[in-house]
file structure_33.cif (mmCIF, C-alpha atoms)
data_input
loop_
_atom_site.label_atom_id
_atom_site.label_comp_id
_atom_site.auth_asym_id
_atom_site.auth_seq_id
_atom_site.Cartn_x
_atom_site.Cartn_y
_atom_site.Cartn_z
CA MET A 1263 86.76 7.38 77.48
CA LYS A 1264 88.05 10.94 77.51
CA THR A 1265 89.47 12.66 74.44
CA ASN A 1266 92.92 13.17 75.93
CA GLN A 1267 93.21 9.43 76.61
CA PHE A 1268 92.59 8.74 72.91
CA LEU A 1269 95.16 11.28 71.80
CA ILE A 1270 97.83 10.27 74.33
CA THR A 1271 97.47 6.61 73.40
CA ALA A 1272 97.59 7.35 69.67
CA LEU A 1273 100.63 9.60 70.09
CA PHE A 1274 102.42 6.86 72.02
CA VAL A 1275 101.66 4.25 69.36
CA LEU A 1276 102.76 6.52 66.50
CA SER A 1277 105.92 7.58 68.32
CA ALA A 1278 106.83 3.98 69.06
CA SER A 1279 106.19 3.01 65.44
CA ALA A 1280 108.38 5.84 64.21
CA ALA A 1281 111.24 4.86 66.51
CA ILE A 1282 111.08 1.23 65.40
CA ALA A 1283 110.86 2.22 61.73
CA GLN A 1284 113.97 4.40 62.04
CA ASN A 1285 116.02 1.93 64.09
CA SER A 1286 115.03 -1.29 62.39
CA GLY A 1287 116.07 -0.96 58.80
CA GLN A 1288 116.17 -4.76 58.44
CA SER A 1289 112.47 -5.11 59.22
CA SER A 1290 110.35 -4.84 56.09
CA PHE A 1291 107.18 -4.65 58.20
CA PHE A 1292 108.04 -1.47 60.08
CA SER A 1293 109.93 0.14 57.22
CA ALA A 1294 106.66 0.21 55.26
CA ILE A 1295 104.84 2.20 57.96
CA GLU A 1296 104.06 5.88 57.39
CA GLY A 1297 102.48 8.29 59.84
CA GLY A 1298 101.94 11.89 60.77
CA VAL A 1299 99.44 14.61 61.61
CA LYS A 1300 96.44 15.92 59.69
CA GLY A 1301 93.83 18.67 59.75
CA GLY A 1302 90.95 19.88 57.65
CA VAL A 1303 87.36 21.03 57.36
CA THR A 1304 84.09 19.08 57.62
CA PHE A 1305 80.91 19.66 55.58
CA THR A 1306 77.71 18.23 57.11
CA HIS A 1307 74.23 18.04 55.61
CA GLY A 1308 71.06 16.07 56.21
CA PHE A 1309 67.41 16.00 57.21
CA THR A 1310 65.42 14.40 60.02
CA THR A 1311 61.88 13.25 60.65
CA ILE A 1312 60.95 13.36 64.33
CA PRO A 1313 57.88 11.24 65.09
CA GLY A 1314 54.86 12.85 66.72
CA GLN A 1315 54.10 12.33 70.37
CA ALA A 1316 51.34 13.01 72.86
CA VAL A 1317 51.63 15.96 75.26
CA GLY A 1318 48.88 15.34 77.77
CA SER A 1319 45.66 15.05 75.78
CA VAL A 1320 47.14 16.79 72.71
CA GLN A 1321 48.90 15.03 69.85
CA VAL A 1322 51.96 16.67 68.29
CA PRO A 1323 52.37 15.75 64.59
CA ASP A 1324 55.59 14.59 62.94
CA LEU A 1325 58.23 17.28 62.49
CA GLU A 1326 59.97 17.28 59.11
CA ASN A 1327 63.35 18.97 59.54
CA LYS A 1328 64.74 19.81 56.11
CA SER A 1329 68.34 20.65 55.24
CA ASN A 1330 69.20 24.33 55.70
CA GLY A 1331 72.54 24.46 53.90
CA ILE A 1332 75.94 22.97 54.64
CA GLY A 1333 77.35 23.17 58.16
CA LEU A 1334 81.10 23.83 58.43
CA GLY A 1335 83.27 22.23 61.11
CA TYR A 1336 86.80 20.99 61.54
CA SER A 1337 88.88 17.84 61.93
CA GLY A 1338 92.39 17.23 63.24
CA GLY A 1339 94.49 14.39 64.59
CA LEU A 1340 97.03 11.64 63.92
CA TRP A 1341 97.31 8.93 61.25
CA ALA A 1342 99.40 5.83 60.54
CA ARG A 1343 99.50 3.72 57.36
CA LYS A 1344 100.94 0.26 56.77
CA ASN A 1345 101.71 -0.47 53.13
CA PHE A 1346 101.56 -3.97 51.69
CA PRO A 1347 102.41 -4.97 48.10
CA ALA A 1348 98.76 -4.98 46.94
CA PHE A 1349 96.96 -2.77 49.48
CA PHE A 1350 97.34 -0.64 52.61
CA ILE A 1351 95.68 -0.26 56.01
CA GLN A 1352 95.34 3.18 57.57
CA ALA A 1353 94.30 3.95 61.16
CA GLU A 1354 93.57 7.39 62.58
CA VAL A 1355 92.55 9.17 65.76
CA THR A 1356 90.94 12.56 65.06
CA TYR A 1357 88.91 15.14 66.96
CA ASN A 1358 86.01 16.46 64.89
CA ARG A 1359 83.31 19.09 64.98
CA PHE A 1360 80.22 18.42 62.85
CA VAL A 1361 77.57 21.11 62.32
CA LEU A 1362 74.10 20.21 60.99
CA LYS A 1363 71.76 23.03 59.90
CA GLN A 1364 68.03 22.30 59.57
CA LYS A 1365 64.68 24.06 59.36
CA GLY A 1366 61.08 22.96 59.72
CA VAL A 1367 57.49 24.19 59.95
CA ILE A 1368 54.95 22.62 62.27
CA THR A 1369 51.36 23.45 63.28
CA VAL A 1370 50.45 22.43 66.84
CA ASP A 1371 47.70 22.99 69.35
CA VAL A 1372 48.79 25.73 71.77
CA ASN A 1373 48.24 23.31 74.65
CA ALA A 1374 51.09 21.16 73.32
CA ASN A 1375 53.50 24.00 74.08
CA PRO A 1376 53.40 25.19 77.73
CA ALA A 1377 55.19 28.45 76.86
CA LEU A 1378 52.48 29.35 74.33
CA ALA A 1379 49.60 28.27 76.54
CA ASN A 1380 50.93 30.21 79.53
CA ALA A 1381 51.37 33.36 77.42
CA LEU A 1382 47.67 33.51 76.55
CA PRO A 1383 45.48 35.85 78.64
CA VAL A 1384 43.01 33.00 79.27
CA SER A 1385 43.23 29.24 79.13
CA VAL A 1386 41.62 27.54 76.12
CA GLN A 1387 40.41 24.02 75.54
CA PRO A 1388 42.39 21.73 73.20
CA GLY A 1389 41.32 22.09 69.57
CA LEU A 1390 40.39 25.77 69.70
CA LEU A 1391 43.70 27.49 68.97
CA ASN A 1392 46.78 26.35 67.13
CA ALA A 1393 50.13 27.87 66.26
CA THR A 1394 52.29 27.59 63.16
CA LEU A 1395 55.93 27.52 64.24
CA ASN A 1396 59.02 28.08 62.11
CA VAL A 1397 61.99 26.28 63.65
CA VAL A 1398 65.60 26.88 62.55
CA SER A 1399 68.14 24.68 64.30
CA GLU A 1400 71.89 24.16 64.38
CA SER A 1401 73.10 20.90 65.92
CA VAL A 1402 76.77 20.60 66.85
CA LEU A 1403 78.39 17.26 67.55
CA GLU A 1404 82.00 16.97 68.74
CA ALA A 1405 83.55 13.53 68.64
CA VAL A 1406 86.72 11.47 68.62
CA ASP A 1407 86.74 9.36 65.44
CA VAL A 1408 88.80 6.21 64.97
CA PRO A 1409 88.70 5.12 61.30
CA ILE A 1410 90.18 1.80 60.15
CA LEU A 1411 90.56 2.10 56.37
CA PHE A 1412 91.53 -0.43 53.72
CA GLY A 1413 92.73 0.82 50.36
CA LYS A 1414 94.76 0.51 47.20
CA ARG A 1415 97.38 2.76 45.57
CA TRP A 1416 98.00 3.72 41.94
CA MET A 1417 100.32 6.04 40.01
CA ASP A 1418 103.43 4.91 41.93
CA GLY A 1419 101.59 5.43 45.21
CA LYS A 1420 100.46 9.00 44.54
CA LEU A 1421 96.76 8.15 44.13
CA ARG A 1422 94.83 6.27 46.82
CA GLY A 1423 91.31 4.91 47.18
CA TYR A 1424 89.98 3.45 50.43
CA ALA A 1425 86.96 2.54 52.57
CA GLY A 1426 86.23 1.16 56.00
CA PRO A 1427 84.44 1.60 59.32
CA THR A 1428 84.79 4.65 61.55
CA PHE A 1429 84.10 4.39 65.27
CA ILE A 1430 82.63 7.62 66.68
CA PHE A 1431 82.97 8.48 70.38
CA VAL A 1432 80.74 11.50 71.02
CA GLN A 1433 82.16 14.04 73.49
CA LYS A 1434 79.59 16.84 73.16
CA ALA A 1435 76.26 17.31 71.37
CA THR A 1436 74.05 20.41 71.48
CA ALA A 1437 71.17 21.85 69.49
CA THR A 1438 70.42 25.57 69.28
CA ARG A 1439 66.92 26.39 68.00
CA ASN A 1440 65.39 29.67 66.93
CA THR A 1441 61.59 29.43 67.03
CA GLY A 1442 59.02 31.98 65.86
CA GLY A 1443 55.68 31.97 64.05
CA ILE A 1444 52.03 32.94 64.47
CA LEU A 1445 49.00 32.09 66.56
CA ASN A 1446 46.34 31.32 63.96
CA ALA A 1447 43.06 33.19 64.06
CA ASN A 1448 39.82 31.52 65.15
CA SER A 1449 36.68 33.56 64.53
CA ALA A 1450 34.58 31.15 66.60
CA VAL A 1451 36.27 32.42 69.76
CA ALA A 1452 37.02 35.92 68.36
CA PHE A 1453 40.76 35.34 68.43
CA PRO A 1454 42.81 37.30 65.84
CA GLN A 1455 46.02 36.15 64.17
CA THR A 1456 48.92 37.05 66.45
CA ASP A 1457 52.65 37.03 65.85
CA ILE A 1458 54.84 34.91 68.13
CA PRO A 1459 58.17 36.62 68.93
CA ALA A 1460 61.24 34.60 68.05
CA THR A 1461 62.99 32.83 70.91
CA THR A 1462 66.30 30.95 71.07
CA GLY A 1463 67.20 27.97 73.24
CA THR A 1464 70.04 25.46 73.52
CA THR A 1465 69.67 21.79 74.48
CA ASN A 1466 72.29 19.33 75.67
CA LEU A 1467 71.57 16.33 73.43
CA LEU A 1468 73.57 13.95 75.64
CA ASN A 1469 71.32 14.68 78.62
CA ARG A 1470 68.18 12.56 78.36
CA TYR A 1471 66.23 14.88 80.68
CA GLU A 1472 66.91 17.89 78.45
CA ALA A 1473 66.91 16.13 75.07
CA GLN A 1474 64.09 13.64 75.79
CA ASN A 1475 63.48 11.70 72.54
CA LEU A 1476 66.29 13.65 70.80
CA GLU A 1477 68.99 12.13 73.03
CA VAL A 1478 72.15 11.35 71.02
CA LYS A 1479 74.21 8.17 71.41
CA ASP A 1480 77.60 8.57 73.03
CA PHE A 1481 79.00 5.92 70.66
CA THR A 1482 78.10 5.04 67.09
CA TYR A 1483 79.82 3.98 63.88
CA ALA A 1484 79.94 5.08 60.27
CA LEU A 1485 80.97 3.78 56.85
CA GLU A 1486 83.65 5.97 55.31
CA LEU A 1487 85.11 6.04 51.81
CA GLY A 1488 87.43 8.42 50.04
CA VAL A 1489 90.28 9.22 47.71
CA GLY A 1490 93.68 10.71 48.42
CA TYR A 1491 96.52 12.25 46.45
CA THR A 1492 100.17 12.71 47.42
CA PRO A 1493 101.54 15.69 45.43
CA LEU A 1494 104.77 15.71 47.48
CA PRO A 1495 106.48 12.86 49.37
CA PHE A 1496 105.58 14.44 52.74
CA LEU A 1497 102.07 15.74 51.89
CA ASP A 1498 98.70 13.97 51.58
CA VAL A 1499 95.44 15.56 50.40
CA ASP A 1500 92.27 13.58 51.15
CA LEU A 1501 88.58 13.92 50.31
CA ARG A 1502 86.21 11.49 52.00
CA TYR A 1503 82.54 10.94 52.78
CA ALA A 1504 81.01 9.23 55.82
CA LEU A 1505 77.53 7.88 56.56
CA PRO A 1506 76.68 7.17 60.24
CA VAL A 1507 75.03 3.79 59.57
CA GLY A 1508 74.91 3.04 63.31
CA GLY A 1509 72.42 5.88 63.83
CA VAL A 1510 72.88 9.07 65.83
CA TYR A 1511 69.78 9.17 68.04
CA LYS A 1512 68.81 6.64 70.72
CA ASP A 1513 65.18 6.87 69.60
CA LYS A 1514 64.96 4.44 66.67
CA GLY A 1515 61.77 6.13 65.51
CA ILE A 1516 63.73 9.17 64.32
CA LYS A 1517 64.47 8.75 60.62
CA GLY A 1518 66.46 10.73 58.12
CA PHE A 1519 69.81 11.12 56.42
CA LEU A 1520 73.17 12.45 57.58
CA GLY A 1521 76.23 12.83 55.38
CA ILE A 1522 79.66 14.14 56.36
CA ALA A 1523 82.34 15.16 53.85
CA THR A 1524 85.89 15.96 54.98
CA LEU A 1525 88.68 17.70 53.09
CA SER A 1526 92.00 17.36 54.88
CA ILE A 1527 95.77 17.78 54.48
CA GLY A 1528 98.15 15.34 56.12
CA TYR A 1529 101.81 15.96 56.91
CA LYS A 1530 104.07 12.89 56.98
CA LEU A 1531 106.39 12.73 60.00
CA PHE A 1532 107.95 9.33 59.21
#

call {"tool": "encode", "arguments": {"input": "structure_33.cif", "output": "C-alpha cells"}}
result
Amino acid sequence: MKTNQFLITALFVLSASAAIAQNSGQSSFFSAIEGGVKGGVTFTHGFTTIPGQAVGSVQVPDLENKSNGIGLGYSGGLWARKNFPAFFIQAEVTYNRFVLKQKGVITVDVNANPALANALPVSVQPGLLNATLNVVSESVLEAVDVPILFGKRWMDGKLRGYAGPTFIFVQKATATRNTGGILNANSAVAFPQTDIPATTGTTNLLNRYEAQNLEVKDFTYALELGVGYTPLPFLDVDLRYALPVGGVYKDKGIKGFLGIATLSIGYKLF
C-alpha cells in the first residue's frame, strides 16, 4: 500500500473523529478522543552479523558490522488517543526515516571479489592472495509506521507511559557503502602489499537481485514503549524506543541488534 493511501485514510478518520467529538457533546465516548499532528527526530543504532557464503570455489567469512555512531532521521504524521478512566489507547500513522551507520573489517580471497580479481595484472589461483577490506556503510530505511499503544496517565493526565506493537510498512531501503583496504603481500609469489583505492556504491535493499541475501522485508513489526509529558493542554512531548522484533532482513541467518529512539512533539487539534 502506498504512503499517500495511509495518510489520506488516517486524515479522514481523524477529521471524522474531530467532527463527531465537536458535534456530539452528549457522547462520552467521542468527547474523550484527542488527536492532532506530530513531528520529531529518530536516533538509530545497531550491529549486524552477515553469515559467510561461497563465491564459486571461494568461501567468504562472516562479516561483523559494528555500530558506527548514531544515525539521525525524522518522523512525522498524525495521532489519535481515546481516554478511558484507567487507561488510554493511542493510534498513529507516521512517515519515518531511519539511518543506521555501521563499519566492519573483513579479509577475503581476491577471487571472492570480481572487481579485485579483474584489477590484477594476472589471474591467480584461490588461496594465493587475499585482501583486507574496510567497509563503512550507511543504511537508510523509509517507512510508514502504524503504532497501536496502550498506556496509563498520572499527574492529572500530564505524565503518560505506554507500550504496544508498531506495524512497519517499508517504502524505501538503500545501503551506501564506502570500501577501501589493502591487498596483502605474499612473498611466495613476489606480490607486494598494495593499497586498494576507496570506492562507493549504493544498493537498493528492496530489490532481491541487487541486495541478494541483504534483501529487506517490505513489512515487519516492532515492540515500542515510551513516556510522554503534556506541559501545555495542546502540546505533547514524547520519548520512545522501538525494537523491530519481526526482523528486518528476509535472510533469517542475518543476526544482530537494531534499536530506534524517537523524540517528538505533538500538537493537539481536538

call {"tool": "closest_residue", "arguments": {"input": "structure_33.cif", "among": "A:Gly1488, A:Gly1419, A:Pro1313, A:Gly1521", "to": "Val1361 of chain A", "atoms": "all atoms listed in the file"}}
result
A:Gly1521

call {"tool": "closest_residue", "arguments": {"input": "structure_33.cif", "among": "A:Lys1517, A:Gly1413, A:Leu1403, A:Lys1420", "to": "Gln1433 of chain A", "atoms": "only C-alpha atoms"}}
result
A:Leu1403

call {"tool": "atom_distance", "arguments": {"input": "structure_33.cif", "atom1": "atom CA of Pro1506 of chain A", "atom2": "atom CA of Ala1473 of chain A"}}
result
19.9 Å

call {"tool": "atom_distance", "arguments": {"input": "structure_33.cif", "atom1": "atom CA of Gly1308 of chain A", "atom2": "atom CA of Lys1514 of chain A"}}
result
16.8 Å

call {"tool": "residues_around", "arguments": {"input": "structure_33.cif", "residues": "Val1370 of chain A", "least_positions_apart": "2", "cutoff": "9 Å", "atoms": "all atoms listed in the file", "output": "list in words"}}
result
Val1320, Gln1321, Val1322, Pro1323, Ile1368, Val1372, Asn1373, Ala1374, Asn1375, Leu1391, Asn1392, Ala1393, Thr1394 and Leu1395 of chain A

call {"tool": "residues_around", "arguments": {"input": "structure_33.cif", "residues": "Thr1310 of chain A", "least_positions_apart": "3", "cutoff": "10 Å", "atoms": "all atoms listed in the file", "output": "PyMOL selection string"}}
result
chain A and resi 1313+1325-1329+1364-1366+1516-1520

call {"tool": "resolve_selection", "arguments": {"input": "structure_33.cif", "expression": "the PyMOL selection byres ((chain A and resi 1346-1352) around 9)", "output": "PyMOL selection string"}}
result
chain A and resi 1291+1294+1341-1345+1353-1354+1409-1415+1424

call {"tool": "atom_distance", "arguments": {"input": "structure_33.cif", "atom1": "atom CA of Leu1362 of chain A", "atom2": "atom CA of Gly1333 of chain A"}}
result
5.2 Å

call {"tool": "closest_residue", "arguments": {"input": "structure_33.cif", "among": "A:Gly1331, A:Gly1508, A:Gly1298, A:Gly1490", "to": "Thr1524 of chain A", "atoms": "all atoms listed in the file"}}
result
A:Gly1490

call {"tool": "closest_residue", "arguments": {"input": "structure_33.cif", "among": "A:Val1499, A:Ala1381, A:Leu1476, A:Val1299", "to": "Pro1459 of chain A", "atoms": "only C-alpha atoms"}}
result
A:Ala1381

call {"tool": "closest_residue", "arguments": {"input": "structure_33.cif", "among": "A:Leu1421, A:Val1397, A:Ala1523, A:Leu1468", "to": "Ile1332 of chain A", "atoms": "only C-alpha atoms"}}
result
A:Ala1523

call {"tool": "closest_residue", "arguments": {"input": "structure_33.cif", "among": "A:Gln1387, A:Ser1337, A:Asn1396, A:Asn1330", "to": "Ala1460 of chain A", "atoms": "all atoms listed in the file"}}
result
A:Asn1396

call {"tool": "resolve_selection", "arguments": {"input": "structure_33.cif", "expression": "the PyMOL selection byres ((chain A and resi 1474) around 12)", "output": "list in words"}}
result
Ile1312, Gln1315, Thr1465, Asn1466, Leu1467, Leu1468, Asn1469, Arg1470, Tyr1471, Glu1472, Ala1473, Asn1475, Leu1476, Glu1477, Val1478, Tyr1511, Lys1512 and Asp1513 of chain A

call {"tool": "write_last_selection", "arguments": {"input": "structure_33.cif", "atoms": "C-alpha atoms", "output": "PDB file, in the frame of the given file"}}
result
ATOM      1  CA  ILE A1312      60.950  13.360  64.330  1.00  0.00           C
ATOM      2  CA  GLN A1315      54.100  12.330  70.370  1.00  0.00           C
ATOM      3  CA  THR A1465      69.670  21.790  74.480  1.00  0.00           C
ATOM      4  CA  ASN A1466      72.290  19.330  75.670  1.00  0.00           C
ATOM      5  CA  LEU A1467      71.570  16.330  73.430  1.00  0.00           C
ATOM      6  CA  LEU A1468      73.570  13.950  75.640  1.00  0.00           C
ATOM      7  CA  ASN A1469      71.320  14.680  78.620  1.00  0.00           C
ATOM      8  CA  ARG A1470      68.180  12.560  78.360  1.00  0.00           C
ATOM      9  CA  TYR A1471      66.230  14.880  80.680  1.00  0.00           C
ATOM     10  CA  GLU A1472      66.910  17.890  78.450  1.00  0.00           C
ATOM     11  CA  ALA A1473      66.910  16.130  75.070  1.00  0.00           C
ATOM     12  CA  ASN A1475      63.480  11.700  72.540  1.00  0.00           C
ATOM     13  CA  LEU A1476      66.290  13.650  70.800  1.00  0.00           C
ATOM     14  CA  GLU A1477      68.990  12.130  73.030  1.00  0.00           C
ATOM     15  CA  VAL A1478      72.150  11.350  71.020  1.00  0.00           C
ATOM     16  CA  TYR A1511      69.780   9.170  68.040  1.00  0.00           C
ATOM     17  CA  LYS A1512      68.810   6.640  70.720  1.00  0.00           C
ATOM     18  CA  ASP A1513      65.180   6.870  69.600  1.00  0.00           C
TER      19      ASP A1513
END

call {"tool": "resolve_selection", "arguments": {"input": "structure_33.cif", "expression": "the PyMOL selection byres ((chain A and resi 1530) around 9)", "output": "number ranges by chain"}}
result
A: 1296-1300, 1341, 1495-1498, 1528-1529, 1531-1532

call {"tool": "write_last_selection", "arguments": {"input": "structure_33.cif", "atoms": "C-alpha atoms", "output": "mmCIF file, keeping the file's coordinate frame"}}
result
data_model
loop_
_atom_site.group_PDB
_atom_site.id
_atom_site.type_symbol
_atom_site.label_atom_id
_atom_site.label_comp_id
_atom_site.auth_asym_id
_atom_site.auth_seq_id
_atom_site.Cartn_x
_atom_site.Cartn_y
_atom_site.Cartn_z
ATOM 1 C CA GLU A 1296 104.060 5.880 57.390
ATOM 2 C CA GLY A 1297 102.480 8.290 59.840
ATOM 3 C CA GLY A 1298 101.940 11.890 60.770
ATOM 4 C CA VAL A 1299 99.440 14.610 61.610
ATOM 5 C CA LYS A 1300 96.440 15.920 59.690
ATOM 6 C CA TRP A 1341 97.310 8.930 61.250
ATOM 7 C CA PRO A 1495 106.480 12.860 49.370
ATOM 8 C CA PHE A 1496 105.580 14.440 52.740
ATOM 9 C CA LEU A 1497 102.070 15.740 51.890
ATOM 10 C CA ASP A 1498 98.700 13.970 51.580
ATOM 11 C CA GLY A 1528 98.150 15.340 56.120
ATOM 12 C CA TYR A 1529 101.810 15.960 56.910
ATOM 13 C CA LEU A 1531 106.390 12.730 60.000
ATOM 14 C CA PHE A 1532 107.950 9.330 59.210
#

call {"tool": "decode", "arguments": {"input": "structure_33.cif", "residues": "segment 1336-1432 of chain A", "atoms": "C-alpha atoms", "output": "compact mmCIF listing (two decimals), in the first residue's frame"}}
result
# COMPACT_ATOMS: atom_id res chain seq x y z
CA TYR A 1336 12.97 12.13 11.12
CA SER A 1337 9.37 11.22 11.90
CA GLY A 1338 6.08 12.99 11.21
CA GLY A 1339 2.40 12.18 11.00
CA LEU A 1340 -0.99 12.03 12.72
CA TRP A 1341 -2.16 10.66 16.08
CA ALA A 1342 -5.44 9.96 17.89
CA ARG A 1343 -5.95 8.98 21.55
CA LYS A 1344 -9.01 7.55 23.28
CA ASN A 1345 -9.02 8.09 27.04
CA PHE A 1346 -10.72 5.68 29.42
CA PRO A 1347 -10.96 6.07 33.21
CA ALA A 1348 -8.00 3.75 33.93
CA PHE A 1349 -6.00 3.74 30.67
CA PHE A 1350 -5.81 5.06 27.11
CA ILE A 1351 -5.31 3.72 23.59
CA GLN A 1352 -3.33 5.72 21.06
CA ALA A 1353 -3.09 5.05 17.31
CA GLU A 1354 -0.78 6.82 14.87
CA VAL A 1355 0.19 6.94 11.22
CA THR A 1356 3.69 8.38 10.70
CA TYR A 1357 6.25 8.57 7.92
CA ASN A 1358 9.77 7.85 9.19
CA ARG A 1359 13.36 7.89 8.04
CA PHE A 1360 15.76 5.62 9.92
CA VAL A 1361 19.53 5.83 9.35
CA LEU A 1362 21.85 3.02 10.51
CA LYS A 1363 25.62 3.61 10.45
CA GLN A 1364 27.96 0.60 10.59
CA LYS A 1365 31.56 -0.38 9.91
CA GLY A 1366 33.38 -3.67 9.50
CA VAL A 1367 36.69 -5.27 8.54
CA ILE A 1368 36.90 -8.47 6.52
CA THR A 1369 39.75 -10.45 4.93
CA VAL A 1370 38.78 -12.33 1.76
CA ASP A 1371 40.42 -14.16 -1.09
CA VAL A 1372 40.69 -11.80 -4.08
CA ASN A 1373 38.77 -14.34 -6.16
CA ALA A 1374 35.71 -13.75 -3.95
CA ASN A 1375 35.54 -10.18 -5.26
CA PRO A 1376 35.34 -9.94 -9.08
CA ALA A 1377 36.35 -6.25 -9.02
CA LEU A 1378 39.58 -7.07 -7.17
CA ALA A 1379 40.37 -10.13 -9.27
CA ASN A 1380 39.80 -8.27 -12.54
CA ALA A 1381 42.05 -5.40 -11.42
CA LEU A 1382 45.07 -7.68 -11.03
CA PRO A 1383 47.55 -7.79 -13.95
CA VAL A 1384 47.38 -11.61 -13.96
CA SER A 1385 44.89 -14.15 -12.70
CA VAL A 1386 45.81 -16.02 -9.51
CA GLN A 1387 44.63 -19.29 -8.05
CA PRO A 1388 42.41 -19.24 -4.94
CA GLY A 1389 44.42 -19.18 -1.71
CA LEU A 1390 47.38 -17.18 -3.03
CA LEU A 1391 46.26 -13.59 -2.48
CA ASN A 1392 43.83 -12.04 -0.07
CA ALA A 1393 42.59 -8.55 0.66
CA THR A 1394 41.71 -6.83 3.92
CA LEU A 1395 38.73 -4.56 3.31
CA ASN A 1396 37.43 -1.74 5.50
CA VAL A 1397 33.71 -1.25 4.89
CA VAL A 1398 31.79 1.80 6.14
CA SER A 1399 28.06 1.69 5.41
CA GLU A 1400 25.00 3.86 5.89
CA SER A 1401 21.64 2.11 5.51
CA VAL A 1402 18.53 4.26 5.12
CA LEU A 1403 15.05 2.86 5.61
CA GLU A 1404 11.92 4.93 4.95
CA ALA A 1405 8.66 3.52 6.23
CA VAL A 1406 5.07 4.20 7.19
CA ASP A 1407 4.61 3.17 10.84
CA VAL A 1408 1.26 2.37 12.44
CA PRO A 1409 1.67 2.06 16.24
CA ILE A 1410 -1.17 0.85 18.46
CA LEU A 1411 -0.21 1.88 22.00
CA PHE A 1412 -1.77 1.11 25.38
CA GLY A 1413 -0.93 3.31 28.32
CA LYS A 1414 -1.72 4.93 31.64
CA ARG A 1415 -1.73 8.57 32.80
CA TRP A 1416 -0.58 10.21 36.02
CA MET A 1417 -0.26 13.74 37.43
CA ASP A 1418 -3.76 14.76 36.27
CA GLY A 1419 -3.02 13.40 32.80
CA LYS A 1420 0.24 15.30 32.27
CA LEU A 1421 2.51 12.23 32.50
CA ARG A 1422 1.97 9.18 30.30
CA GLY A 1423 3.56 5.75 29.98
CA TYR A 1424 2.71 3.32 27.18
CA ALA A 1425 3.73 0.30 25.10
CA GLY A 1426 2.44 -1.69 22.17
CA PRO A 1427 3.09 -3.07 18.69
CA THR A 1428 4.14 -0.97 15.71
CA PHE A 1429 3.44 -2.18 12.18
CA ILE A 1430 6.15 -1.06 9.74
CA PHE A 1431 5.42 -0.75 6.00
CA VAL A 1432 8.76 -0.19 4.27
